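Reading through the structure tokens given below for one structure.
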Amino acid sequence: MHLLNITNLDYVMMTILLGVIAVISYSFRRKNLSSGDYLVMQNHRVNVLMVCLSMSGFGLIEFLLLSSYGAYAGIPALCFFIPCFLVASYFLGNKLTRSSSFNSITSSVATNIHQRVILICYALFMLISASIAICAMVWILKNLLGWEFGNSTLSLLGVVLICLLIGGVVSVFYNQVLALILSSLIVAVVVIIAYHGIGSGNLIANLHRVATENKLSANHFTTLQLNYSMLPQLWLVFVTAMLMVLINPLNRIKYVKSGKEAKSKLVFSKLIQLLILCLFVLTGIFALATPGGSSSLSDGKRLVTQQTRLEDGSIGFVVRAVDSDTPSLARGIIPKQMSNSNDMEPIDSAQNSFDYISAAMVMVKHSLAAAFVSLFLVILLFYKSVTESLAFVNIVTIQSFYVPWFNKTGDDLENLWAARVFLFAYTAVAICIGLVFYKFFDLYYLFSLLVLLGLPLILNLLGLAKHFIVNLVAYVVIIASLLVLNISNVPSLLPLIKFNDIFSYLNLATLSITGYYVLSHLIIKLIGRDSL
């Protein structure tokens, strides 16, 4: 059995949602008169309020990543994340809007070799981001409904591609506002219902209970503990906060469209961003604190939700009866990690085997039972992630490479058709990569991969590299290290280096990459060669 049972009403509601998205895109069909209009909204007038709202949205990757972090760490997740995001959004956001590489795709400014390398790396990173979003969507719909790729994610990608092909980036702009309003409303309602379900004033007590039941200190999920052992986690949270800024590159174009007089008003978008991200974290925290298995049976047992492999080989969720006095079988309503066998035996919590990434969707289902609510949320967040990524990759390709290098005649109609052809091609590539990811990797590894591939870009934007060779060496080392790692549940070609888990490697890798960029920056400064 799966978490959701879809009805005709749910199909009708999804059809209405996708229809609204398609109508918004179709309304801009004849308003993109040039490739500049189609790609970077060159002559479109956009309301400042719409700019603020559109710059405040987030996608499926951020939702799963932050909710799983909240489910894992509890209240300290918010304590760590809020200051990290404020600092990251201020410094990296400002660097991103002033980046010379970004200026080149919204104007006719020529790029040097370093800027071109950065744009290529950024485009490839966003293509990987789109693939991970596709993988996550396949995984969610498979778990929620048992849907296969062909009748779920592929259909949604078809809608996304058609909307992009017809309406261009300006249609993405307004559809992302729609996605922000509806998805944030759903998450807010879920958080309110979840808090009410926990019981007024019982949040801390429930978190204490969950900690002690799992053989942890009572304040493990409620008290911020600052010590040497927490420094790697703090650093990863800071990098994750910067990643939230990095995977939303269209905000640069929206920033340009807002006009100089409206720049001061965009601070409200930062506040909305922070509020939405906090709601994401809270869904995980409340999933952790919601009493699991509250329905007691007459024979002294209780009910818990557990992820497992079903008889047909698919992944689903089952409700199991367990002994009421068994302490280590539940962490709120967070399901247990899937068992590799079909006997559905529980996995000991000491192995850290809770399915944190499923916590948010279980929380949504627990709060709002109608299937279309969960589907609305994942569809809207999926649309935001995929359109953000594919549109940016297309912009970089056309503006920075196709126009100056391949369009010798300067015909704008050629640029317009090239944009559509490349968009179709990138969507196909993203689907292929996403299916490979889904087949061979889990989401924990893919999110870690996103952090690793994004960190060199983050450090570049922060000014720690001015030579393209530094970036090429960094990516070669990252790819080489990934090939020789030996981590459980991760395919490897040359398993030479053993790590107990992906997070141990992630801590070491992020610190090493940062140290490498700082050292390279100092050496380049000393020899006085900032560029070729």
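Order determines the names: the first chain of the structure tokens is A, the second B, and so forth; residues in each chain are numbered 1 upward, and ligands are numbered 1 upward as they are shown.
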Would you kindly return, as an MDAnalysis selection string, each protein, DNA or RNA residue with an atom no farther than 12 Å from any atom of region 156-158 of chain A, considering only C-alpha atoms and excluding same-chain residues fewer than 4 positions away? chainID A and resid 14:15 17:19 21:22 130:131 133:135 137:138 141 149:152 162:165 375:376 378:387 390 424 426:428 430:431 434
Write out the residues from the selection above, keeping N, CA and C atoms, as a CSV table (one decimal), in the first residue's frame.
chain,number,residue,atom,x,y,z
A,14,MET,N,-5.9,18.3,-10.1
A,14,MET,CA,-4.6,18.4,-10.8
A,14,MET,C,-4.7,19.0,-12.2
A,15,THR,N,-5.8,18.5,-12.8
A,15,THR,CA,-6.0,19.1,-14.2
A,15,THR,C,-6.2,20.6,-14.2
A,17,LEU,N,-5.1,22.7,-11.9
A,17,LEU,CA,-3.8,23.3,-11.6
A,17,LEU,C,-2.9,23.4,-12.9
A,18,LEU,N,-2.7,22.3,-13.5
A,18,LEU,CA,-1.9,22.3,-14.7
A,18,LEU,C,-2.5,23.1,-15.8
A,19,GLY,N,-3.8,23.2,-15.9
A,19,GLY,CA,-4.5,24.0,-16.9
A,19,GLY,C,-4.2,25.5,-16.6
A,21,ILE,N,-1.5,26.8,-15.1
A,21,ILE,CA,-0.1,27.0,-15.5
A,21,ILE,C,0.0,27.1,-17.0
A,22,ALA,N,-0.7,26.2,-17.8
A,22,ALA,CA,-0.7,26.3,-19.2
A,22,ALA,C,-1.3,27.6,-19.8
A,130,ALA,N,18.5,20.2,-12.1
A,130,ALA,CA,17.2,19.8,-12.8
A,130,ALA,C,17.0,18.3,-12.7
A,131,SER,N,18.1,17.6,-13.0
A,131,SER,CA,18.1,16.1,-13.0
A,131,SER,C,17.8,15.6,-11.6
A,133,ALA,N,16.1,17.2,-9.3
A,133,ALA,CA,14.7,17.5,-9.1
A,133,ALA,C,13.8,16.4,-9.7
A,134,ILE,N,14.1,16.0,-11.0
A,134,ILE,CA,13.4,15.0,-11.7
A,134,ILE,C,13.5,13.7,-10.9
A,135,CYS,N,14.7,13.3,-10.4
A,135,CYS,CA,14.8,12.1,-9.7
A,135,CYS,C,14.0,12.1,-8.4
A,137,MET,N,11.3,13.8,-7.9
A,137,MET,CA,9.8,13.8,-8.3
A,137,MET,C,9.4,12.3,-8.6
A,138,VAL,N,10.3,11.6,-9.3
A,138,VAL,CA,10.0,10.2,-9.5
A,138,VAL,C,9.9,9.4,-8.2
A,141,LEU,N,6.6,10.4,-6.2
A,141,LEU,CA,5.4,9.9,-6.8
A,141,LEU,C,5.3,8.3,-6.7
A,149,PHE,N,7.4,6.0,-13.8
A,149,PHE,CA,7.9,7.2,-14.5
A,149,PHE,C,7.0,7.7,-15.6
A,150,GLY,N,6.6,6.7,-16.4
A,150,GLY,CA,5.9,7.0,-17.7
A,150,GLY,C,4.6,7.8,-17.5
A,151,ASN,N,3.9,7.5,-16.5
A,151,ASN,CA,2.6,8.1,-16.3
A,151,ASN,C,2.6,9.2,-15.2
A,152,SER,N,3.7,9.6,-14.8
A,152,SER,CA,3.8,10.6,-13.7
A,152,SER,C,4.7,11.7,-14.1
A,162,ILE,N,6.3,22.2,-22.5
A,162,ILE,CA,5.4,23.0,-23.4
A,162,ILE,C,5.2,24.4,-22.9
A,163,CYS,N,5.1,24.6,-21.6
A,163,CYS,CA,4.9,25.9,-21.0
A,163,CYS,C,6.2,26.8,-21.3
A,164,LEU,N,7.3,26.2,-21.1
A,164,LEU,CA,8.6,26.9,-21.4
A,164,LEU,C,8.7,27.3,-22.9
A,165,LEU,N,8.4,26.3,-23.7
A,165,LEU,CA,8.6,26.5,-25.2
A,165,LEU,C,7.6,27.6,-25.6
A,375,LEU,N,-0.2,16.4,-3.9
A,375,LEU,CA,0.2,16.5,-5.3
A,375,LEU,C,0.4,17.9,-5.7
A,376,PHE,N,-0.5,18.8,-5.3
A,376,PHE,CA,-0.4,20.2,-5.6
A,376,PHE,C,1.0,20.7,-5.1
A,378,VAL,N,3.9,19.1,-4.4
A,378,VAL,CA,5.1,18.5,-5.1
A,378,VAL,C,5.1,19.0,-6.5
A,379,ILE,N,4.0,19.2,-7.2
A,379,ILE,CA,3.9,19.6,-8.6
A,379,ILE,C,4.4,21.1,-8.7
A,380,LEU,N,3.9,21.9,-7.8
A,380,LEU,CA,4.3,23.3,-7.8
A,380,LEU,C,5.8,23.5,-7.5
A,381,LEU,N,6.3,22.8,-6.5
A,381,LEU,CA,7.7,22.9,-6.1
A,381,LEU,C,8.6,22.3,-7.2
A,382,PHE,N,8.1,21.2,-7.8
A,382,PHE,CA,8.8,20.6,-9.0
A,382,PHE,C,8.9,21.6,-10.1
A,383,TYR,N,7.8,22.2,-10.4
A,383,TYR,CA,7.8,23.2,-11.5
A,383,TYR,C,8.8,24.3,-11.3
A,384,LYS,N,8.8,24.8,-10.1
A,384,LYS,CA,9.8,25.9,-9.7
A,384,LYS,C,11.2,25.4,-9.9
A,385,SER,N,11.6,24.2,-9.4
A,385,SER,CA,13.0,23.8,-9.5
A,385,SER,C,13.4,23.5,-11.0
A,386,VAL,N,12.5,22.8,-11.7
A,386,VAL,CA,12.9,22.4,-13.1
A,386,VAL,C,13.0,23.6,-14.0
A,387,THR,N,12.0,24.5,-14.0
A,387,THR,CA,12.0,25.7,-14.9
A,387,THR,C,13.1,26.6,-14.5
A,390,LEU,N,16.3,24.7,-16.1
A,390,LEU,CA,16.4,24.6,-17.5
A,390,LEU,C,16.4,26.0,-18.2
A,424,PHE,N,14.5,22.0,-25.6
A,424,PHE,CA,14.0,20.6,-25.8
A,424,PHE,C,15.2,19.6,-25.5
A,426,TYR,N,18.0,20.0,-23.7
A,426,TYR,CA,18.4,20.0,-22.3
A,426,TYR,C,17.4,19.2,-21.5
A,427,THR,N,16.1,19.4,-21.8
A,427,THR,CA,15.1,18.6,-21.1
A,427,THR,C,15.3,17.1,-21.2
A,428,ALA,N,15.6,16.7,-22.4
A,428,ALA,CA,15.8,15.3,-22.7
A,428,ALA,C,17.0,14.8,-21.9
A,430,ALA,N,18.3,16.1,-19.2
A,430,ALA,CA,18.0,16.1,-17.7
A,430,ALA,C,17.2,14.9,-17.4
A,431,ILE,N,16.2,14.5,-18.2
A,431,ILE,CA,15.4,13.3,-17.9
A,431,ILE,C,16.3,12.0,-17.9
A,434,GLY,N,18.4,12.2,-14.7
A,434,GLY,CA,17.5,12.0,-13.6
A,434,GLY,C,17.2,10.5,-13.4
Excluding Leu508 (chain A) and any residue of its chain fewer than 3 positions from it, enumerate the residues within 12 Å of it, using only C-alpha atoms, and give them as a PDB file with N, CA, C and O atoms, in the first residue's frame.
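Dumped everything to selection.pdb:
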ATOM      1  N   LEU A 231      31.045  22.011  14.861  1.00  0.00           N
ATOM      2  CA  LEU A 231      31.561  22.917  13.838  1.00  0.00           C
ATOM      3  C   LEU A 231      31.374  22.382  12.420  1.00  0.00           C
ATOM      4  O   LEU A 231      30.970  23.137  11.527  1.00  0.00           O
ATOM      5  N   PRO A 232      31.673  21.103  12.147  1.00  0.00           N
ATOM      6  CA  PRO A 232      31.425  20.601  10.782  1.00  0.00           C
ATOM      7  C   PRO A 232      29.960  20.722  10.371  1.00  0.00           C
ATOM      8  O   PRO A 232      29.653  21.082   9.235  1.00  0.00           O
ATOM      9  N   GLN A 233      29.037  20.428  11.304  1.00  0.00           N
ATOM     10  CA  GLN A 233      27.613  20.549  10.984  1.00  0.00           C
ATOM     11  C   GLN A 233      27.248  21.996  10.705  1.00  0.00           C
ATOM     12  O   GLN A 233      26.499  22.293   9.773  1.00  0.00           O
ATOM     13  N   TRP A 235      29.201  24.309   9.549  1.00  0.00           N
ATOM     14  CA  TRP A 235      29.758  24.674   8.245  1.00  0.00           C
ATOM     15  C   TRP A 235      28.878  24.136   7.115  1.00  0.00           C
ATOM     16  O   TRP A 235      28.605  24.840   6.135  1.00  0.00           O
ATOM     17  N   LEU A 236      28.411  22.899   7.252  1.00  0.00           N
ATOM     18  CA  LEU A 236      27.546  22.327   6.221  1.00  0.00           C
ATOM     19  C   LEU A 236      26.226  23.083   6.109  1.00  0.00           C
ATOM     20  O   LEU A 236      25.700  23.281   5.010  1.00  0.00           O
ATOM     21  N   SER A 448      24.165  15.703  -1.464  1.00  0.00           N
ATOM     22  CA  SER A 448      25.580  15.927  -1.162  1.00  0.00           C
ATOM     23  C   SER A 448      26.356  16.280  -2.424  1.00  0.00           C
ATOM     24  O   SER A 448      27.233  17.147  -2.409  1.00  0.00           O
ATOM     25  N   LEU A 452      28.665  19.634  -3.248  1.00  0.00           N
ATOM     26  CA  LEU A 452      30.058  19.570  -3.703  1.00  0.00           C
ATOM     27  C   LEU A 452      30.257  20.317  -5.020  1.00  0.00           C
ATOM     28  O   LEU A 452      31.232  21.056  -5.191  1.00  0.00           O
ATOM     29  N   ILE A 478      37.176  16.724  -7.611  1.00  0.00           N
ATOM     30  CA  ILE A 478      35.879  16.293  -7.073  1.00  0.00           C
ATOM     31  C   ILE A 478      35.387  15.043  -7.793  1.00  0.00           C
ATOM     32  O   ILE A 478      34.979  14.062  -7.160  1.00  0.00           O
ATOM     33  N   SER A 481      37.585  12.001  -6.953  1.00  0.00           N
ATOM     34  CA  SER A 481      37.346  11.475  -5.602  1.00  0.00           C
ATOM     35  C   SER A 481      36.031  10.715  -5.531  1.00  0.00           C
ATOM     36  O   SER A 481      35.923   9.696  -4.839  1.00  0.00           O
ATOM     37  N   PHE A 499      34.722   5.397   3.334  1.00  0.00           N
ATOM     38  CA  PHE A 499      34.057   6.314   4.249  1.00  0.00           C
ATOM     39  C   PHE A 499      32.834   5.605   4.828  1.00  0.00           C
ATOM     40  O   PHE A 499      32.130   4.886   4.114  1.00  0.00           O
ATOM     41  N   ASP A 501      30.041   6.886   5.822  1.00  0.00           N
ATOM     42  CA  ASP A 501      28.809   7.415   5.262  1.00  0.00           C
ATOM     43  C   ASP A 501      29.133   8.632   4.419  1.00  0.00           C
ATOM     44  O   ASP A 501      30.248   9.171   4.464  1.00  0.00           O
ATOM     45  N   ILE A 502      28.146   9.099   3.661  1.00  0.00           N
ATOM     46  CA  ILE A 502      28.355  10.210   2.745  1.00  0.00           C
ATOM     47  C   ILE A 502      28.597  11.512   3.493  1.00  0.00           C
ATOM     48  O   ILE A 502      29.307  12.397   3.018  1.00  0.00           O
ATOM     49  N   PHE A 503      28.059  11.628   4.713  1.00  0.00           N
ATOM     50  CA  PHE A 503      28.211  12.878   5.445  1.00  0.00           C
ATOM     51  C   PHE A 503      29.633  13.061   5.969  1.00  0.00           C
ATOM     52  O   PHE A 503      30.122  14.182   6.070  1.00  0.00           O
ATOM     53  N   SER A 504      30.291  11.968   6.309  1.00  0.00           N
ATOM     54  CA  SER A 504      31.698  12.062   6.716  1.00  0.00           C
ATOM     55  C   SER A 504      32.541  12.590   5.564  1.00  0.00           C
ATOM     56  O   SER A 504      33.397  13.468   5.750  1.00  0.00           O
ATOM     57  N   TYR A 505      32.299  12.045   4.381  1.00  0.00           N
ATOM     58  CA  TYR A 505      33.026  12.520   3.204  1.00  0.00           C
ATOM     59  C   TYR A 505      32.671  13.969   2.886  1.00  0.00           C
ATOM     60  O   TYR A 505      33.537  14.766   2.528  1.00  0.00           O
ATOM     61  N   LEU A 511      35.372  21.193   3.502  1.00  0.00           N
ATOM     62  CA  LEU A 511      36.460  21.912   4.173  1.00  0.00           C
ATOM     63  C   LEU A 511      37.720  21.925   3.306  1.00  0.00           C
ATOM     64  O   LEU A 511      38.424  22.940   3.228  1.00  0.00           O
ATOM     65  N   SER A 512      38.004  20.807   2.633  1.00  0.00           N
ATOM     66  CA  SER A 512      39.197  20.732   1.778  1.00  0.00           C
ATOM     67  C   SER A 512      39.070  21.650   0.569  1.00  0.00           C
ATOM     68  O   SER A 512      40.031  22.341   0.210  1.00  0.00           O
ATOM     69  N   ILE A 513      37.898  21.663  -0.061  1.00  0.00           N
ATOM     70  CA  ILE A 513      37.692  22.538  -1.218  1.00  0.00           C
ATOM     71  C   ILE A 513      37.830  24.003  -0.819  1.00  0.00           C
ATOM     72  O   ILE A 513      38.473  24.793  -1.524  1.00  0.00           O
ATOM     73  N   THR A 514      37.245  24.363   0.311  1.00  0.00           N
ATOM     74  CA  THR A 514      37.352  25.751   0.783  1.00  0.00           C
ATOM     75  C   THR A 514      38.802  26.116   1.055  1.00  0.00           C
ATOM     76  O   THR A 514      39.272  27.191   0.654  1.00  0.00           O
ATOM     77  N   GLY A 515      39.530  25.236   1.739  1.00  0.00           N
ATOM     78  CA  GLY A 515      40.943  25.496   2.002  1.00  0.00           C
ATOM     79  C   GLY A 515      41.753  25.632   0.727  1.00  0.00           C
ATOM     80  O   GLY A 515      42.643  26.494   0.625  1.00  0.00           O
TER      81      GLY A 515
END
Run DSSP on the backbone and give me the residues of region 331-419 of chain A it puts in strand (DSSP E or B), as JSON, numbers by chain. {"A": [331, 334, 336, 354]}
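The space between CA of Ala241 (chain A) and CA of Leu226 (chain A) spans 18.6 Å.
Atom to atom, CA of Gly167 (chain A) and CA of Thr153 (chain A) stand 20.8 Å apart.
Using only C-alpha atoms, the smallest distance between any of A:Phe63, A:Tyr356, A:Tyr90, A:Phe102 and Tyr122 (chain A) comes from A:Phe102.
Minimum atom-to-atom distances from A:Asn460, A:Gln337, A:Thr7, A:Gln115 to Phe372 (chain A) were compared using only C-alpha atoms, and the lowest value belongs to A:Thr7.
Among the candidates A:Gly197, A:Val477, A:Gln399, A:Ala371, the one nearest to Val12 (chain A) when counting only C-alpha atoms is A:Ala371.
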Could you please write out, as a PyMOL selection string, every residue of region 384-526 of chain A that DSSP assigns to alpha helix (DSSP H)? chain A and resi 384-395+412-440+443-461+468-484+502-526
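With only C-alpha atoms as the atoms that count, the residue of A:Leu39, A:Leu472, A:Ile6, A:Leu288 with the shortest distance to Ile204 (chain A) is A:Leu288.
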Which residue of A:Ser155, A:Ser35, A:Asn47, A:Ser68 approaches Asp355 (chain A) most closely, using only C-alpha atoms: A:Ser68
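Counting only C-alpha atoms and comparing A:Leu246, A:Ile433, A:Leu282, A:Ile272, the residue that lies closest to Ile192 (chain A) is A:Leu282.
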Counting only C-alpha atoms, what is within 9 Å of Ala88 (chain A), bar same-chain residues fewer than 2 positions away, as number ranges by chain? A: 83-86, 90-93, 238-239, 241-245
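One finds CA of Leu453 (chain A) at 25.4 Å from CA of Leu161 (chain A).
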For Ile140 (chain A): contacts at 9 Å, only C-alpha atoms, fewer than 4 positions along chain excluded, given as a PyMOL selection string: chain A and resi 135-136+144-145+358+361+378
